[in-house]
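Worksheet: one structure, shown below.
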Amino acid sequence: MTNTVIEYRGVQIQIDELERPYFTAAAEGTLLVQECTQCAIPRYPPSARCLACASSQWKWRPSDGRGRVSACVIVERGVRAEFEAPYAVGLVALDDVDVTDHPEHAVRILSCIRGRDGGRLSEPVPDGSPVEVEFEPLAEGFALPMFRMA
């Protein structure tokens, strides 16, 4: 198969074969995380090789999509007119990805952070705030995981 190009708010997103399962599972309401089958270290974003042991053997595993904000900023001016500002962008550390022995490999997903009602936020979210995944449709069979305040 070839790469898929999806138009999202005036921006082209190119999805390759490695990333395809991530975006198609999101369309079905599931957040996936890659995990090395050799050393069990999770990773995000998806990559062909493990950053810890360099193995090319991995699997996808589902996450419950709950996490905590580890950093957040408010974008005051959208990068394009289609991205109406202000909006919150943050790093989300997933709760169900255990990296106790390897904190340097924590899974942190860069994402828009939305309010409990799904609306845009205009104030930064405090570190440690609980969030949960939601999915924004991109195109038929593809969605983008985002997070809202829990």
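Each chain in the structure tokens gets a letter, A, B, ..., in the order shown, and its residues are numbered from 1; ligands are numbered from 1 in order too.
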
Practice problem: Excluding Cys72 (chain A) and any residue of its chain fewer than 4 positions from it, enumerate the residues within 10 Å of it, using only C-alpha atoms, and give them as a list in words. | Solution: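 The filter keeps Ala88, Val89, Gly90, Leu91, Val92, Leu110, Ser111, Cys112, Ile113, Glu123, Pro124, Val125, Pro126 and Asp127 of chain A.
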
Practice problem: Using DSSP on the backbone coordinates, identify all residues within chain A classified as strand (DSSP E or B); present the result as JSON, numbers by chain. | Solution: {"A": [4, 5, 6, 7, 8, 11, 12, 13, 14, 15, 31, 32, 33, 34, 35, 36, 42, 43, 58, 59, 60, 61, 62, 63, 66, 67, 68, 69, 70, 71, 72, 73, 74, 75, 87, 88, 89, 90, 91, 92, 93, 94, 108, 109, 110, 111, 112, 113, 114, 130, 131, 132, 133, 134, 135, 136, 137, 138, 139, 142, 143, 144, 145, 146, 147, 148, 149]}

Quiz prompt | Near-region 52-55 of chain A list (9 Å; only C-alpha atoms; drop same-chain fewer than 3 positions) as a PyMOL selection string | solution = chain A and resi 36-39+41+48-49+58+105

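Nearest residue to Pro145 (chain A), choosing from A:Glu35, A:Glu82, A:Glu28, A:Asp96 and counting only C-alpha atoms: A:Glu28.
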
Quiz item: Closest to Pro86 (chain A) among A:Arg148, A:Arg114, A:Lys59, A:Arg9, using only C-alpha atoms?
Solution: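 For Pro86 (chain A), the nearest of the candidates is A:Arg114.
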
Exercise. Would you please give, as a PyMOL selection string, all residues of chain A that DSSP assigns to helix (DSSP H, G or I) based on the backbone?
Key: chain A and resi 20-27+103-105

Quiz item: Restricting the calculation to only C-alpha atoms, which member of A:Ile109, A:Leu121, A:Val99, A:Gln12 is positioned closest to Glu84 (chain A)?
Solution: A:Leu121
